[in-house]
file data.pdb (PDB, C-alpha atoms)
ATOM      1  CA  MET A   1       3.097  30.620   2.921
ATOM      2  CA  ILE A   2       5.534  27.698   2.873
ATOM      3  CA  GLU A   3       9.297  28.240   2.817
ATOM      4  CA  VAL A   4      11.552  25.652   1.199
ATOM      5  CA  LEU A   5      14.541  25.145   3.497
ATOM      6  CA  LEU A   6      15.901  22.044   1.798
ATOM      7  CA  SER A   7      14.864  20.904  -1.659
ATOM      8  CA  SER A   8      15.508  17.836  -3.797
ATOM      9  CA  PRO A   9      15.452  17.210  -7.556
ATOM     10  CA  LEU A  10      12.060  17.515  -9.251
ATOM     11  CA  LEU A  11      10.166  18.974  -6.301
ATOM     12  CA  THR A  12       7.390  20.640  -8.302
ATOM     13  CA  ILE A  13       3.941  22.198  -8.045
ATOM     14  CA  GLN A  14       1.283  20.141  -9.848
ATOM     15  CA  ASP A  15      -2.501  19.932 -10.095
ATOM     16  CA  THR A  16      -4.712  17.738 -12.293
ATOM     17  CA  GLY A  17      -3.022  19.024 -15.430
ATOM     18  CA  ARG A  18      -3.385  21.338 -18.379
ATOM     19  CA  THR A  19      -6.141  20.130 -20.710
ATOM     20  CA  GLY A  20      -7.480  21.493 -23.995
ATOM     21  CA  TRP A  21      -4.155  22.713 -25.398
ATOM     22  CA  ARG A  22      -2.549  19.626 -26.933
ATOM     23  CA  HIS A  23      -3.532  20.764 -30.425
ATOM     24  CA  LEU A  24      -1.106  23.646 -29.868
ATOM     25  CA  GLY A  25       1.679  21.370 -28.637
ATOM     26  CA  VAL A  26       1.144  21.985 -24.901
ATOM     27  CA  PRO A  27       1.477  18.812 -22.788
ATOM     28  CA  CYS A  28      -0.849  17.935 -19.908
ATOM     29  CA  CYS A  29       1.715  17.779 -17.075
ATOM     30  CA  GLY A  30      -0.056  17.521 -13.709
ATOM     31  CA  MET A  31       0.404  15.165 -10.762
ATOM     32  CA  MET A  32       1.624  11.720 -11.796
ATOM     33  CA  ASP A  33      -0.849  10.220  -9.311
ATOM     34  CA  ASP A  34      -3.829  12.516  -9.785
ATOM     35  CA  LEU A  35      -6.072  10.072  -7.889
ATOM     36  CA  ALA A  36      -3.987  10.659  -4.753
ATOM     37  CA  LEU A  37      -4.196  14.407  -5.375
ATOM     38  CA  ARG A  38      -7.996  14.261  -5.505
ATOM     39  CA  LEU A  39      -8.257  12.127  -2.364
ATOM     40  CA  GLY A  40      -5.976  14.398  -0.353
ATOM     41  CA  ASN A  41      -7.745  17.549  -1.485
ATOM     42  CA  LEU A  42     -11.141  16.093  -0.593
ATOM     43  CA  LEU A  43      -9.920  15.357   2.944
ATOM     44  CA  LEU A  44      -8.814  18.983   3.307
ATOM     45  CA  GLY A  45     -12.006  20.471   1.894
ATOM     46  CA  ASN A  46     -10.131  21.837  -1.126
ATOM     47  CA  ASP A  47     -11.248  21.793  -4.709
ATOM     48  CA  GLU A  48     -10.250  18.346  -5.977
ATOM     49  CA  GLY A  49      -7.883  19.815  -8.537
ATOM     50  CA  ALA A  50      -6.140  22.235  -6.157
ATOM     51  CA  ALA A  51      -2.384  22.454  -6.706
ATOM     52  CA  ALA A  52      -0.033  20.573  -4.402
ATOM     53  CA  LEU A  53       3.606  19.472  -4.236
ATOM     54  CA  GLU A  54       4.927  16.375  -5.983
ATOM     55  CA  VAL A  55       7.984  14.974  -4.197
ATOM     56  CA  THR A  56      10.214  12.674  -6.234
ATOM     57  CA  SER A  57      13.234  12.380  -3.955
ATOM     58  CA  ALA A  58      14.373  13.389  -0.482
ATOM     59  CA  PRO A  59      15.309  14.824   1.937
ATOM     60  CA  VAL A  60      12.959  17.797   1.772
ATOM     61  CA  LEU A  61      12.460  20.318   4.578
ATOM     62  CA  LEU A  62       9.579  22.807   4.501
ATOM     63  CA  ARG A  63       8.796  25.563   7.021
ATOM     64  CA  PHE A  64       5.111  26.493   7.376
ATOM     65  CA  LEU A  65       4.780  30.218   8.034
ATOM     66  CA  GLN A  66       1.098  29.933   9.010
ATOM     67  CA  ASN A  67      -1.099  27.379  10.730
ATOM     68  CA  SER A  68      -1.755  24.716   8.108
ATOM     69  CA  ALA A  69      -3.543  21.409   7.649
ATOM     70  CA  ILE A  70      -1.840  18.913   5.355
ATOM     71  CA  VAL A  71      -2.307  15.457   3.854
ATOM     72  CA  LEU A  72       0.479  13.267   2.476
ATOM     73  CA  MET A  73      -0.325  10.606  -0.115
ATOM     74  CA  GLY A  74       1.686   8.215  -2.237
ATOM     75  CA  ALA A  75       5.006   6.738  -1.128
ATOM     76  CA  ASP A  76       5.750   6.769   2.603
ATOM     77  CA  MET A  77       8.661   9.178   3.014
ATOM     78  CA  GLN A  78       8.848   8.763   6.808
ATOM     79  CA  ALA A  79       7.650  12.321   7.305
ATOM     80  CA  SER A  80       7.871  14.050  10.672
ATOM     81  CA  ILE A  81       6.963  17.448  12.140
ATOM     82  CA  LEU A  82       9.791  19.454  13.734
ATOM     83  CA  GLU A  83       9.380  22.264  16.233
ATOM     84  CA  PRO A  84      10.499  25.769  15.124
ATOM     85  CA  ASP A  85      13.938  25.507  16.784
ATOM     86  CA  PHE A  86      14.536  22.008  15.346
ATOM     87  CA  ALA A  87      15.348  20.877  18.883
ATOM     88  CA  ASN A  88      12.529  18.349  19.042
ATOM     89  CA  THR A  89      10.360  16.254  16.780
ATOM     90  CA  ARG A  90       6.752  16.941  17.714
ATOM     91  CA  GLN A  91       5.233  14.161  15.629
ATOM     92  CA  GLN A  92       7.033  11.049  14.419
ATOM     93  CA  ARG A  93       6.071   9.246  11.216
ATOM     94  CA  LEU A  94       3.050  10.915   9.672
ATOM     95  CA  LEU A  95       0.815   8.338   8.028
ATOM     96  CA  THR A  96      -0.175   8.719   4.399
ATOM     97  CA  GLY A  97      -3.818   9.532   3.806
ATOM     98  CA  PHE A  98      -4.476  11.400   7.083
ATOM     99  CA  VAL A  99      -4.989  15.047   8.026
ATOM    100  CA  TYR A 100      -2.345  16.666  10.257
ATOM    101  CA  LEU A 101      -1.973  20.210  11.603
ATOM    102  CA  LEU A 102       1.244  22.220  11.600
ATOM    103  CA  ARG A 103       1.529  25.382  13.660
ATOM    104  CA  ALA A 104       3.154  28.509  12.275
ATOM    105  CA  GLY A 105       6.934  28.110  12.356
ATOM    106  CA  GLU A 106       6.939  24.326  12.463
ATOM    107  CA  CYS A 107       8.677  22.295   9.759
ATOM    108  CA  LEU A 108       7.816  19.195   7.806
ATOM    109  CA  ARG A 109      10.682  16.859   7.005
ATOM    110  CA  LEU A 110      10.397  14.227   4.288
ATOM    111  CA  ASN A 111      12.993  11.473   4.185
ATOM    112  CA  ALA A 112      13.747   8.969   1.457
ATOM    113  CA  ALA A 113      11.011   6.615   0.351
ATOM    114  CA  LYS A 114      11.571   2.908   0.993
ATOM    115  CA  THR A 115      11.857   2.470  -2.776
ATOM    116  CA  PRO A 116      13.935   5.384  -4.168
ATOM    117  CA  GLY A 117      12.164   7.358  -6.870
ATOM    118  CA  GLN A 118       8.612   6.593  -5.791
ATOM    119  CA  ARG A 119       6.647   9.811  -5.534
ATOM    120  CA  ALA A 120       4.747  11.401  -2.677
ATOM    121  CA  MET A 121       2.131  14.162  -2.865
ATOM    122  CA  LEU A 122       1.759  16.903  -0.276
ATOM    123  CA  MET A 123      -1.611  18.650  -0.196
ATOM    124  CA  VAL A 124      -2.172  21.731   1.982
ATOM    125  CA  ARG A 125      -5.475  23.246   3.008
ATOM    126  CA  GLY A 126      -6.282  26.097   0.636
ATOM    127  CA  GLY A 127      -4.068  24.672  -2.110
ATOM    128  CA  ILE A 128      -0.859  26.077  -3.574
ATOM    129  CA  ASP A 129      -1.768  29.514  -4.923
ATOM    130  CA  VAL A 130       0.584  30.187  -7.835
ATOM    131  CA  PRO A 131      -0.744  31.865 -11.013
ATOM    132  CA  VAL A 132      -2.969  29.890 -13.363
ATOM    133  CA  VAL A 133      -1.346  29.507 -16.815
ATOM    134  CA  LEU A 134      -3.477  28.058 -19.635
ATOM    135  CA  GLY A 135      -6.005  26.785 -17.125
ATOM    136  CA  SER A 136      -3.592  25.056 -14.736
ATOM    137  CA  ARG A 137      -1.041  25.710 -12.001
ATOM    138  CA  SER A 138       1.044  22.666 -13.010
ATOM    139  CA  THR A 139       4.755  23.060 -13.636
ATOM    140  CA  ASP A 140       5.814  22.413 -17.236
ATOM    141  CA  ILE A 141       9.565  22.074 -16.811
ATOM    142  CA  MET A 142      10.269  21.312 -20.468
ATOM    143  CA  ASN A 143       8.587  24.515 -21.658
ATOM    144  CA  GLY A 144       9.403  26.627 -18.593
ATOM    145  CA  PHE A 145       6.007  27.878 -17.420
ATOM    146  CA  GLY A 146       3.429  27.157 -14.733
ATOM    147  CA  GLY A 147       4.150  26.357 -11.102
ATOM    148  CA  LEU A 148       6.777  28.689  -9.665
ATOM    149  CA  GLN A 149       8.569  30.296 -12.631
ATOM    150  CA  GLY A 150       8.206  27.083 -14.632
ATOM    151  CA  ARG A 151      10.887  25.224 -12.675
ATOM    152  CA  ALA A 152      11.511  22.791  -9.841
ATOM    153  CA  LEU A 153      11.566  24.348  -6.374
ATOM    154  CA  HIS A 154      14.830  25.461  -4.764
ATOM    155  CA  ALA A 155      15.891  26.177  -1.198
ATOM    156  CA  GLY A 156      14.795  29.711  -0.323
ATOM    157  CA  ASP A 157      11.595  29.614  -2.397
ATOM    158  CA  LYS A 158       8.419  30.772  -0.692
ATOM    159  CA  ILE A 159       5.233  29.068  -1.884
ATOM    160  CA  PRO A 160       1.940  30.950  -1.490
ATOM    161  CA  VAL A 161      -1.043  29.071  -0.050
ATOM    162  CA  GLY A 162      -4.646  29.930  -0.876
ATOM    163  CA  GLY A 163      -7.300  30.979   1.610
ATOM    164  CA  HIS A 164     -10.267  28.822   2.627
ATOM    165  CA  THR A 165     -13.698  29.371   4.135
ATOM    166  CA  ASN A 166     -14.815  25.785   4.659
ATOM    167  CA  LYS A 167     -15.207  24.150   8.058
ATOM    168  CA  PRO A 168     -12.045  22.577   9.477
ATOM    169  CA  LEU A 169     -11.941  18.798   9.353
ATOM    170  CA  PRO A 170     -11.118  16.754  12.460
ATOM    171  CA  LEU A 171      -7.408  16.015  12.773
ATOM    172  CA  LYS A 172      -6.284  12.574  11.614
ATOM    173  CA  THR A 173      -9.348  12.161   9.428
ATOM    174  CA  GLY A 174      -8.124   9.802   6.729
ATOM    175  CA  VAL A 175      -8.648   7.411   3.859
ATOM    176  CA  ARG A 176      -6.975   4.142   3.006
ATOM    177  CA  GLN A 177      -3.934   4.642   0.813
ATOM    178  CA  HIS A 178      -4.538   2.917  -2.507
ATOM    179  CA  SER A 179      -1.916   0.291  -3.294
ATOM    180  CA  TRP A 180      -0.077  -0.374  -6.518
ATOM    181  CA  ASN A 181       0.623  -3.806  -8.009
ATOM    182  CA  HIS A 182       2.523  -2.844 -11.177
ATOM    183  CA  THR A 183       0.104  -4.697 -13.421
ATOM    184  CA  LEU A 184      -1.248  -2.293 -15.996
ATOM    185  CA  ARG A 185      -4.471  -3.033 -17.846
ATOM    186  CA  VAL A 186      -4.351  -1.966 -21.473
ATOM    187  CA  LEU A 187      -6.338  -1.712 -24.687
ATOM    188  CA  THR A 188      -4.657  -2.738 -27.913
ATOM    189  CA  GLY A 189      -3.529   0.266 -29.910
ATOM    190  CA  PRO A 190      -4.064   1.336 -33.518
ATOM    191  CA  ASP A 191      -0.801  -0.288 -34.615
ATOM    192  CA  PHE A 192      -1.149  -3.568 -32.692
ATOM    193  CA  THR A 193      -1.668  -5.586 -35.885
ATOM    194  CA  ARG A 194       1.550  -4.193 -37.384
ATOM    195  CA  PHE A 195       3.541  -6.403 -34.991
ATOM    196  CA  ASP A 196       4.318 -10.075 -35.543
ATOM    197  CA  GLN A 197       2.589 -12.771 -33.504
ATOM    198  CA  ARG A 198       5.589 -13.367 -31.247
ATOM    199  CA  SER A 199       5.707  -9.666 -30.296
ATOM    200  CA  CYS A 200       1.962  -9.485 -29.647
ATOM    201  CA  GLN A 201       2.185 -12.488 -27.336
ATOM    202  CA  ALA A 202       5.313 -11.208 -25.591
ATOM    203  CA  LEU A 203       3.625  -7.918 -24.722
ATOM    204  CA  PHE A 204       1.179  -9.746 -22.452
ATOM    205  CA  GLU A 205       3.101 -12.874 -21.469
ATOM    206  CA  LYS A 206       6.439 -11.346 -20.465
ATOM    207  CA  SER A 207       7.384  -8.920 -17.718
ATOM    208  CA  TRP A 208       9.143  -5.646 -18.527
ATOM    209  CA  MET A 209      11.707  -3.749 -16.480
ATOM    210  CA  VAL A 210      11.634   0.027 -16.094
ATOM    211  CA  THR A 211      15.045   1.446 -16.983
ATOM    212  CA  ALA A 212      16.923   4.400 -15.518
ATOM    213  CA  GLN A 213      16.178   6.349 -18.734
ATOM    214  CA  SER A 214      12.706   7.188 -17.429
ATOM    215  CA  ASN A 215      11.129  10.414 -16.251
ATOM    216  CA  ARG A 216       7.820  12.305 -16.179
ATOM    217  CA  MET A 217       7.744  12.294 -20.001
ATOM    218  CA  GLY A 218       7.937   8.545 -20.361
ATOM    219  CA  LEU A 219       9.084   5.251 -18.896
ATOM    220  CA  ARG A 220      11.442   3.208 -21.046
ATOM    221  CA  LEU A 221      11.123  -0.561 -20.680
ATOM    222  CA  GLN A 222      13.583  -3.368 -21.214
ATOM    223  CA  GLY A 223      12.636  -6.910 -22.193
ATOM    224  CA  ASP A 224      11.824  -8.816 -25.358
ATOM    225  CA  SER A 225      12.280  -6.738 -28.483
ATOM    226  CA  LEU A 226       8.932  -6.057 -30.179
ATOM    227  CA  ARG A 227       9.139  -6.186 -33.956
ATOM    228  CA  PRO A 228       6.697  -5.145 -36.699
ATOM    229  CA  HIS A 229       5.976  -7.455 -39.637
ATOM    230  CA  GLU A 230       8.165  -5.278 -41.858
ATOM    231  CA  PRO A 231      11.487  -3.629 -40.945
ATOM    232  CA  ALA A 232      11.176  -0.012 -39.803
ATOM    233  CA  ASP A 233      13.312   1.195 -42.736
ATOM    234  CA  GLN A 234      10.835  -0.112 -45.317
ATOM    235  CA  PRO A 235       8.712   2.639 -46.921
ATOM    236  CA  SER A 236       5.488   0.690 -46.264
ATOM    237  CA  SER A 237       6.239   0.545 -42.532
ATOM    238  CA  ARG A 238       6.793   4.275 -42.013
ATOM    239  CA  LEU A 239       4.084   6.118 -40.108
ATOM    240  CA  LEU A 240       2.976   9.704 -40.104
ATOM    241  CA  SER A 241       3.136  11.467 -36.742
ATOM    242  CA  ILE A 242      -0.137  11.375 -34.838
ATOM    243  CA  GLY A 243      -1.468  12.946 -31.676
ATOM    244  CA  VAL A 244      -0.407  11.028 -28.554
ATOM    245  CA  LEU A 245      -1.570  11.031 -24.940
ATOM    246  CA  PRO A 246      -0.262   9.919 -21.539
ATOM    247  CA  GLY A 247      -0.738   6.177 -21.264
ATOM    248  CA  LEU A 248       0.090   5.352 -24.866
ATOM    249  CA  ILE A 249       2.697   2.589 -25.338
ATOM    250  CA  GLN A 250       4.967   3.388 -28.274
ATOM    251  CA  VAL A 251       7.594   1.107 -29.778
ATOM    252  CA  PRO A 252      10.689   2.829 -31.248
ATOM    253  CA  PRO A 253      12.969   1.071 -33.802
ATOM    254  CA  ASP A 254      14.976  -0.708 -31.059
ATOM    255  CA  GLY A 255      11.815  -2.632 -30.123
ATOM    256  CA  HIS A 256      11.760  -1.597 -26.442
ATOM    257  CA  PRO A 257       8.423   0.013 -25.402
ATOM    258  CA  ILE A 258       8.008   3.508 -23.991
ATOM    259  CA  LEU A 259       5.083   4.308 -21.677
ATOM    260  CA  LEU A 260       4.107   7.944 -22.172
ATOM    261  CA  ALA A 261       3.557   9.731 -18.861
ATOM    262  CA  ALA A 262       2.184  13.072 -17.603
ATOM    263  CA  ASP A 263       4.720  15.332 -19.378
ATOM    264  CA  ALA A 264       4.529  13.393 -22.660
ATOM    265  CA  GLN A 265       4.938  15.194 -25.968
ATOM    266  CA  THR A 266       1.791  15.860 -27.989
ATOM    267  CA  THR A 267       2.708  14.074 -31.256
ATOM    268  CA  GLY A 268       4.754  11.028 -32.167
ATOM    269  CA  GLY A 269       5.503   8.741 -35.089
ATOM    270  CA  TYR A 270       6.447   5.486 -33.349
ATOM    271  CA  PRO A 271       3.906   2.641 -33.665
ATOM    272  CA  ALA A 272       1.354   2.638 -30.839
ATOM    273  CA  ILE A 273       0.957  -0.989 -29.796
ATOM    274  CA  ALA A 274      -1.355  -0.434 -26.808
ATOM    275  CA  SER A 275      -2.676   2.131 -24.326
ATOM    276  CA  ILE A 276      -2.950   2.010 -20.526
ATOM    277  CA  ILE A 277      -6.507   2.531 -19.290
ATOM    278  CA  SER A 278      -7.228   5.746 -17.401
ATOM    279  CA  ALA A 279      -8.033   3.897 -14.148
ATOM    280  CA  ASP A 280      -4.439   2.577 -13.982
ATOM    281  CA  LEU A 281      -2.423   5.615 -15.084
ATOM    282  CA  TRP A 282      -1.754   6.680 -11.477
ATOM    283  CA  GLN A 283       0.466   3.615 -10.993
ATOM    284  CA  LEU A 284       3.163   5.173 -13.200
ATOM    285  CA  ALA A 285       4.035   7.425 -10.235
ATOM    286  CA  TYR A 286       5.494   4.416  -8.408
ATOM    287  CA  MET A 287       7.320   2.618 -11.215
ATOM    288  CA  THR A 288      10.982   3.301 -10.605
ATOM    289  CA  SER A 289      14.167   2.014 -12.207
ATOM    290  CA  GLY A 290      14.256  -1.756 -11.833
ATOM    291  CA  THR A 291      10.499  -2.144 -11.335
ATOM    292  CA  ARG A 292       8.951  -5.113 -13.131
ATOM    293  CA  VAL A 293       5.773  -4.302 -15.064
ATOM    294  CA  ARG A 294       3.206  -6.602 -16.663
ATOM    295  CA  PHE A 295       0.404  -5.784 -19.102
ATOM    296  CA  ALA A 296      -3.073  -7.306 -19.075
ATOM    297  CA  LYS A 297      -5.408  -6.904 -22.060
ATOM    298  CA  ILE A 298      -9.009  -5.942 -21.314
ATOM    299  CA  SER A 299     -12.002  -4.873 -23.373
ATOM    300  CA  LEU A 300     -13.154  -1.308 -23.955
ATOM    301  CA  ALA A 301     -16.362  -2.069 -22.022
ATOM    302  CA  ASP A 302     -14.344  -3.264 -19.013
ATOM    303  CA  ALA A 303     -12.127  -0.151 -19.204
ATOM    304  CA  HIS A 304     -15.227   2.057 -19.092
ATOM    305  CA  GLY A 305     -16.564   0.039 -16.155
ATOM    306  CA  LEU A 306     -13.332   0.464 -14.184
ATOM    307  CA  ALA A 307     -13.329   4.214 -14.855
ATOM    308  CA  ARG A 308     -16.929   4.437 -13.592
ATOM    309  CA  HIS A 309     -16.037   2.404 -10.497
ATOM    310  CA  GLN A 310     -13.170   4.777  -9.699
ATOM    311  CA  GLN A 311     -15.488   7.778 -10.028
ATOM    312  CA  GLN A 312     -18.076   6.062  -7.799
ATOM    313  CA  GLN A 313     -15.446   5.566  -5.102
ATOM    314  CA  LEU A 314     -14.599   9.265  -5.226
ATOM    315  CA  GLN A 315     -18.283  10.150  -5.026
ATOM    316  CA  ARG A 316     -18.737   7.954  -1.942
ATOM    317  CA  LEU A 317     -15.874   9.805  -0.281
ATOM    318  CA  ARG A 318     -17.386  13.174  -1.226
ATOM    319  CA  ASP A 319     -20.723  12.125   0.273
ATOM    320  CA  ALA A 320     -19.152  10.727   3.455
ATOM    321  CA  LEU A 321     -17.081  13.865   4.067
ATOM    322  CA  ARG A 322     -20.092  16.088   3.408
ATOM    323  CA  LEU A 323     -22.168  14.181   5.970
ATOM    324  CA  ARG A 324     -19.338  14.276   8.473
ATOM    325  CA  GLY A 325     -18.988  18.020   7.986
ATOM    326  CA  GLU A 326     -22.684  18.582   8.464
ATOM    327  CA  ALA A 327     -22.628  16.554  11.682
ATOM    328  CA  ALA A 328     -19.648  18.454  13.121
TER
END
call {"tool": "encode", "arguments": {"input": "data.pdb", "output": "structure tokens"}}
result
Amino acid sequence: MIEVLLSSPLLTIQDTGRTGWRHLGVPCCGMMDDLALRLGNLLLGNDEGAAALEVTSAPVLLRFLQNSAIVLMGADMQASILEPDFANTRQQRLLTGFVYLLRAGECLRLNAAKTPGQRAMLMVRGGIDVPVVLGSRSTDIMNGFGGLQGRALHAGDKIPVGGHTNKPLPLKTGVRQHSWNHTLRVLTGPDFTRFDQRSCQALFEKSWMVTAQSNRMGLRLQGDSLRPHEPADQPSSRLLSIGVLPGLIQVPPDGHPILLAADAQTTGGYPAIASIISADLWQLAYMTSGTRVRFAKISLADAHGLARHQQQQLQRLRDALRLRGEAA
């Protein structure tokens, strides 16, 4: 069990997301950086999709009511371990991507990330053990279900942790934290040809700034205004709503793109100019207000190759941890 002593906005329980329900209007949700979630869970011997905490802002203070192994991934929030009486800091600056042990009664403190708004993920051995709703433990704040009562965590909440039977991993076992460069590789979308030549060139030649009107549903960008060949109020330019997914880049009438993220709606009628490839979606977790983003066009074959490469990296980690466990 973990007790929340001090919370911050949008501290939520997330796993790899809720799939197979979009036809009924249920969004995916899930960890914004699900690659980090998988890496941390592998280090702890958890199922890769085990639920964890997504931390969007700080400070956060958590008391562990049982001996626990943890891994932090994502943004460095200058985490430290405090003794039960708060009189001393037992461990300064926990590194991201490494296994640490907390004894019953000790607290984990997370401070502000160097870049405000960048997310961190906290995985705990055994995983967060809240009820499964529609195949996932992820919090759907917009619809009010999943996670803990379908909401962000508050001070006083107690978070159940699952049991485990696997062998303990050596402390400070770790992996290299993957780095973000804010260049997103994309495929052109179904409505790419609806836009004029200047707009199509601007999408790839200009940089775009993430605005403060961004959240887990989508990131709004500011930059050149992208315009279709025909004005949006012309009957021939109107589109029927279609199914949409995280990663899709939509262009509303004002011409400023929106990147759909983990909590994105399931249908939309704005033109879809492009789509972020699956191997780069995790970077959205670190794109905060003021971040500059660039898009790079690649082929479908290259997108498939990058997805395979990412899966191969995960498989190498699985194999290495299995061998290390067998040798222990």
call {"tool": "closest_residue", "arguments": {"input": "data.pdb", "among": "A:Val124, A:Leu72, A:Leu153, A:Ile13", "to": "Leu95 in chain A", "atoms": "all atoms listed in the file"}}
result
A:Leu72
call {"tool": "residues_around", "arguments": {"input": "data.pdb", "residues": "range 99-103 of chain A", "least_positions_apart": "3", "cutoff": "12 Å", "atoms": "all atoms listed in the file", "output": "PyMOL selection string"}}
result
chain A and resi 2+39-45+62-73+79-84+90-96+106-109+122-125+168-175
call {"tool": "write_last_selection", "arguments": {"input": "data.pdb", "atoms": "C-alpha atoms", "output": "mmCIF file, in the coordinates of the input"}}
result
data_model
loop_
_atom_site.group_PDB
_atom_site.id
_atom_site.type_symbol
_atom_site.label_atom_id
_atom_site.label_comp_id
_atom_site.auth_asym_id
_atom_site.auth_seq_id
_atom_site.Cartn_x
_atom_site.Cartn_y
_atom_site.Cartn_z
ATOM 1 C CA ILE A 2 5.534 27.698 2.873
ATOM 2 C CA LEU A 39 -8.257 12.127 -2.364
ATOM 3 C CA GLY A 40 -5.976 14.398 -0.353
ATOM 4 C CA ASN A 41 -7.745 17.549 -1.485
ATOM 5 C CA LEU A 42 -11.141 16.093 -0.593
ATOM 6 C CA LEU A 43 -9.920 15.357 2.944
ATOM 7 C CA LEU A 44 -8.814 18.983 3.307
ATOM 8 C CA GLY A 45 -12.006 20.471 1.894
ATOM 9 C CA LEU A 62 9.579 22.807 4.501
ATOM 10 C CA ARG A 63 8.796 25.563 7.021
ATOM 11 C CA PHE A 64 5.111 26.493 7.376
ATOM 12 C CA LEU A 65 4.780 30.218 8.034
ATOM 13 C CA GLN A 66 1.098 29.933 9.010
ATOM 14 C CA ASN A 67 -1.099 27.379 10.730
ATOM 15 C CA SER A 68 -1.755 24.716 8.108
ATOM 16 C CA ALA A 69 -3.543 21.409 7.649
ATOM 17 C CA ILE A 70 -1.840 18.913 5.355
ATOM 18 C CA VAL A 71 -2.307 15.457 3.854
ATOM 19 C CA LEU A 72 0.479 13.267 2.476
ATOM 20 C CA MET A 73 -0.325 10.606 -0.115
ATOM 21 C CA ALA A 79 7.650 12.321 7.305
ATOM 22 C CA SER A 80 7.871 14.050 10.672
ATOM 23 C CA ILE A 81 6.963 17.448 12.140
ATOM 24 C CA LEU A 82 9.791 19.454 13.734
ATOM 25 C CA GLU A 83 9.380 22.264 16.233
ATOM 26 C CA PRO A 84 10.499 25.769 15.124
ATOM 27 C CA ARG A 90 6.752 16.941 17.714
ATOM 28 C CA GLN A 91 5.233 14.161 15.629
ATOM 29 C CA GLN A 92 7.033 11.049 14.419
ATOM 30 C CA ARG A 93 6.071 9.246 11.216
ATOM 31 C CA LEU A 94 3.050 10.915 9.672
ATOM 32 C CA LEU A 95 0.815 8.338 8.028
ATOM 33 C CA THR A 96 -0.175 8.719 4.399
ATOM 34 C CA GLU A 106 6.939 24.326 12.463
ATOM 35 C CA CYS A 107 8.677 22.295 9.759
ATOM 36 C CA LEU A 108 7.816 19.195 7.806
ATOM 37 C CA ARG A 109 10.682 16.859 7.005
ATOM 38 C CA LEU A 122 1.759 16.903 -0.276
ATOM 39 C CA MET A 123 -1.611 18.650 -0.196
ATOM 40 C CA VAL A 124 -2.172 21.731 1.982
ATOM 41 C CA ARG A 125 -5.475 23.246 3.008
ATOM 42 C CA PRO A 168 -12.045 22.577 9.477
ATOM 43 C CA LEU A 169 -11.941 18.798 9.353
ATOM 44 C CA PRO A 170 -11.118 16.754 12.460
ATOM 45 C CA LEU A 171 -7.408 16.015 12.773
ATOM 46 C CA LYS A 172 -6.284 12.574 11.614
ATOM 47 C CA THR A 173 -9.348 12.161 9.428
ATOM 48 C CA GLY A 174 -8.124 9.802 6.729
ATOM 49 C CA VAL A 175 -8.648 7.411 3.859
#
call {"tool": "residues_near_point", "arguments": {"input": "data.pdb", "point": "(4.1, 16.5, -31.2)", "cutoff": "12 Å", "atoms": "all atoms listed in the file", "output": "PyMOL selection string"}}
result
chain A and resi 21-27+240-245+263-270
call {"tool": "write_last_selection", "arguments": {"input": "data.pdb", "atoms": "C-alpha atoms", "output": "PDB file, keeping the file's coordinate frame"}}
result
ATOM      1  CA  TRP A  21      -4.155  22.713 -25.398  1.00  0.00           C
ATOM      2  CA  ARG A  22      -2.549  19.626 -26.933  1.00  0.00           C
ATOM      3  CA  HIS A  23      -3.532  20.764 -30.425  1.00  0.00           C
ATOM      4  CA  LEU A  24      -1.106  23.646 -29.868  1.00  0.00           C
ATOM      5  CA  GLY A  25       1.679  21.370 -28.637  1.00  0.00           C
ATOM      6  CA  VAL A  26       1.144  21.985 -24.901  1.00  0.00           C
ATOM      7  CA  PRO A  27       1.477  18.812 -22.788  1.00  0.00           C
ATOM      8  CA  LEU A 240       2.976   9.704 -40.104  1.00  0.00           C
ATOM      9  CA  SER A 241       3.136  11.467 -36.742  1.00  0.00           C
ATOM     10  CA  ILE A 242      -0.137  11.375 -34.838  1.00  0.00           C
ATOM     11  CA  GLY A 243      -1.468  12.946 -31.676  1.00  0.00           C
ATOM     12  CA  VAL A 244      -0.407  11.028 -28.554  1.00  0.00           C
ATOM     13  CA  LEU A 245      -1.570  11.031 -24.940  1.00  0.00           C
ATOM     14  CA  ASP A 263       4.720  15.332 -19.378  1.00  0.00           C
ATOM     15  CA  ALA A 264       4.529  13.393 -22.660  1.00  0.00           C
ATOM     16  CA  GLN A 265       4.938  15.194 -25.968  1.00  0.00           C
ATOM     17  CA  THR A 266       1.791  15.860 -27.989  1.00  0.00           C
ATOM     18  CA  THR A 267       2.708  14.074 -31.256  1.00  0.00           C
ATOM     19  CA  GLY A 268       4.754  11.028 -32.167  1.00  0.00           C
ATOM     20  CA  GLY A 269       5.503   8.741 -35.089  1.00  0.00           C
ATOM     21  CA  TYR A 270       6.447   5.486 -33.349  1.00  0.00           C
TER      22      TYR A 270
END
call {"tool": "resolve_selection", "arguments": {"input": "data.pdb", "expression": "the PyMOL selection byres ((chain A and resi 205) around 12)", "output": "count of residues only"}}
result
18
call {"tool": "closest_residue", "arguments": {"input": "data.pdb", "among": "A:Ile258, A:Ala120, A:Met32, A:Ala75", "to": "Ala285 in chain A", "atoms": "all atoms listed in the file"}}
result
A:Met32
call {"tool": "closest_residue", "arguments": {"input": "data.pdb", "among": "A:Met77, A:Leu248, A:Ile276, A:Leu306", "to": "Asp191 in chain A", "atoms": "only C-alpha atoms"}}
result
A:Leu248
call {"tool": "resolve_selection", "arguments": {"input": "data.pdb", "expression": "the PyMOL selection byres ((chain A and resi 128-140) around 6)", "output": "PyMOL selection string"}}
result
chain A and resi 13-15+17-18+30+51-52+127+141-147+150+160-162
call {"tool": "residues_around", "arguments": {"input": "data.pdb", "residues": "range 6-8 of chain A", "least_positions_apart": "4", "cutoff": "12 Å", "atoms": "all atoms listed in the file", "output": "number ranges by chain"}}
result
A: 2, 12, 53-63, 107-112, 117, 152-158
